[in-house]
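K.L.:
Structure below; questions to follow.
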Amino acid sequence: MENFQEVLVPTDFSSASWQAVLAGIKLAKTSKASMSILHVTSIDDDSYNEMIEEKLRNLSSNLSEIYNLEIGGILRKGILEKAISDYIQNDGADIVVVGLDEQKDTSVSRIPDIIKSMNIPVVVVPPATLNNGAPQML
């Protein structure tokens, strides 16, 4: 397996995203890489964005402590594919892990666009892993 330096996991805080976070942690631990959890929003509301930033800070801090891994939480405004691409270009992620949720049509329909817009490997965590007893994302 290739060793990665930075694993990027986009999240919408769904169970599919949580599975991607868990897969990202496993990949980061195996590669001795750091990991970033990215949430992209189009909402222009300061109080909402502050709440999301706090949620990301708490999540990344708790996971860092539990898994002894460098994990950061990032909030970006804009379009998902562009935000991921910009993060890769500016911050150096070298693999993306996304969760696939067949119950949410938006998630399924966006995966091909995410993959097409990337110039690095993209791991898609299948929905079959969603019922393995892992806790829901905070």
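Letters A, B, ... go to the chains of the structure tokens in the order shown; residues in each chain start at 1; ligands are counted from 1 in the same order.
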Env of Val98 (chain A): 10 Å cut, atoms = only C-alpha atoms, seq-sep filter 2 positions within chain, self excluded. Answer as JSON, numbers by chain.
P.N.:
{"A": [8, 9, 10, 11, 16, 17, 18, 19, 20, 21, 23, 24, 96, 100, 101, 107, 111, 114, 115, 122, 123, 124, 125, 126]}
K.L.:
Quick one: everything within 12 Å of Ser117 (chain A), counting only C-alpha atoms, minus sequence neighbours fewer than 6 positions away in the same chain. Send it as a PDB file with C-alpha atoms, in the first residue's frame.
P.N.:
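Contents of the output file selection_29.pdb:
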ATOM      1  CA  LEU A  80     -17.944  20.825  -2.690  1.00  0.00           C
ATOM      2  CA  GLU A  81     -15.846  19.729  -5.670  1.00  0.00           C
ATOM      3  CA  LYS A  82     -14.041  23.082  -5.897  1.00  0.00           C
ATOM      4  CA  ALA A  83     -13.417  23.215  -2.151  1.00  0.00           C
ATOM      5  CA  ILE A  84     -11.905  19.713  -2.228  1.00  0.00           C
ATOM      6  CA  SER A  85      -9.783  20.574  -5.260  1.00  0.00           C
ATOM      7  CA  ASP A  86      -8.597  23.837  -3.667  1.00  0.00           C
ATOM      8  CA  ILE A  88      -5.688  19.434  -2.349  1.00  0.00           C
ATOM      9  CA  GLN A  89      -3.858  22.108  -4.311  1.00  0.00           C
ATOM     10  CA  VAL A  96      -9.648  11.609  -0.543  1.00  0.00           C
ATOM     11  CA  ARG A 110     -22.007  13.876  -6.530  1.00  0.00           C
ATOM     12  CA  ILE A 111     -19.492  11.036  -6.185  1.00  0.00           C
TER      13      ILE A 111
END
K.L.:
Find the residue from A:Ser47, A:Ser15, A:Asn62, A:Asn3 that sits nearest to Ser34 (chain A); use only C-alpha atoms when measuring.
P.N.:
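Closest to Ser34 (chain A), using only C-alpha atoms: A:Asn3.
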K.L.:
As an mmCIF file with C-alpha atoms, in the first residue's frame, please: the residues near Arg76 (chain A) (cut-off 8 Å, only C-alpha atoms, same-chain neighbours under 2 positions excluded).
P.N.:
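Result file is part.cif:
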data_model
loop_
_atom_site.group_PDB
_atom_site.id
_atom_site.type_symbol
_atom_site.label_atom_id
_atom_site.label_comp_id
_atom_site.auth_asym_id
_atom_site.auth_seq_id
_atom_site.Cartn_x
_atom_site.Cartn_y
_atom_site.Cartn_z
ATOM 1 C CA LEU A 38 -13.623 18.988 5.580
ATOM 2 C CA HIS A 39 -17.147 20.373 5.685
ATOM 3 C CA VAL A 40 -18.272 22.603 2.816
ATOM 4 C CA THR A 41 -21.236 24.921 3.192
ATOM 5 C CA ILE A 74 -11.857 22.524 8.277
ATOM 6 C CA GLY A 78 -18.507 27.188 -1.699
ATOM 7 C CA ALA A 83 -13.417 23.215 -2.151
#
K.L.:
Among region 14-127 of chain A, which ones does DSSP assign to helix (DSSP H, G or I) (computed from the backbone)? Answer as a PyMOL selection string.
P.N.:
chain A and resi 15-31+46-67+80-91+105-117+127
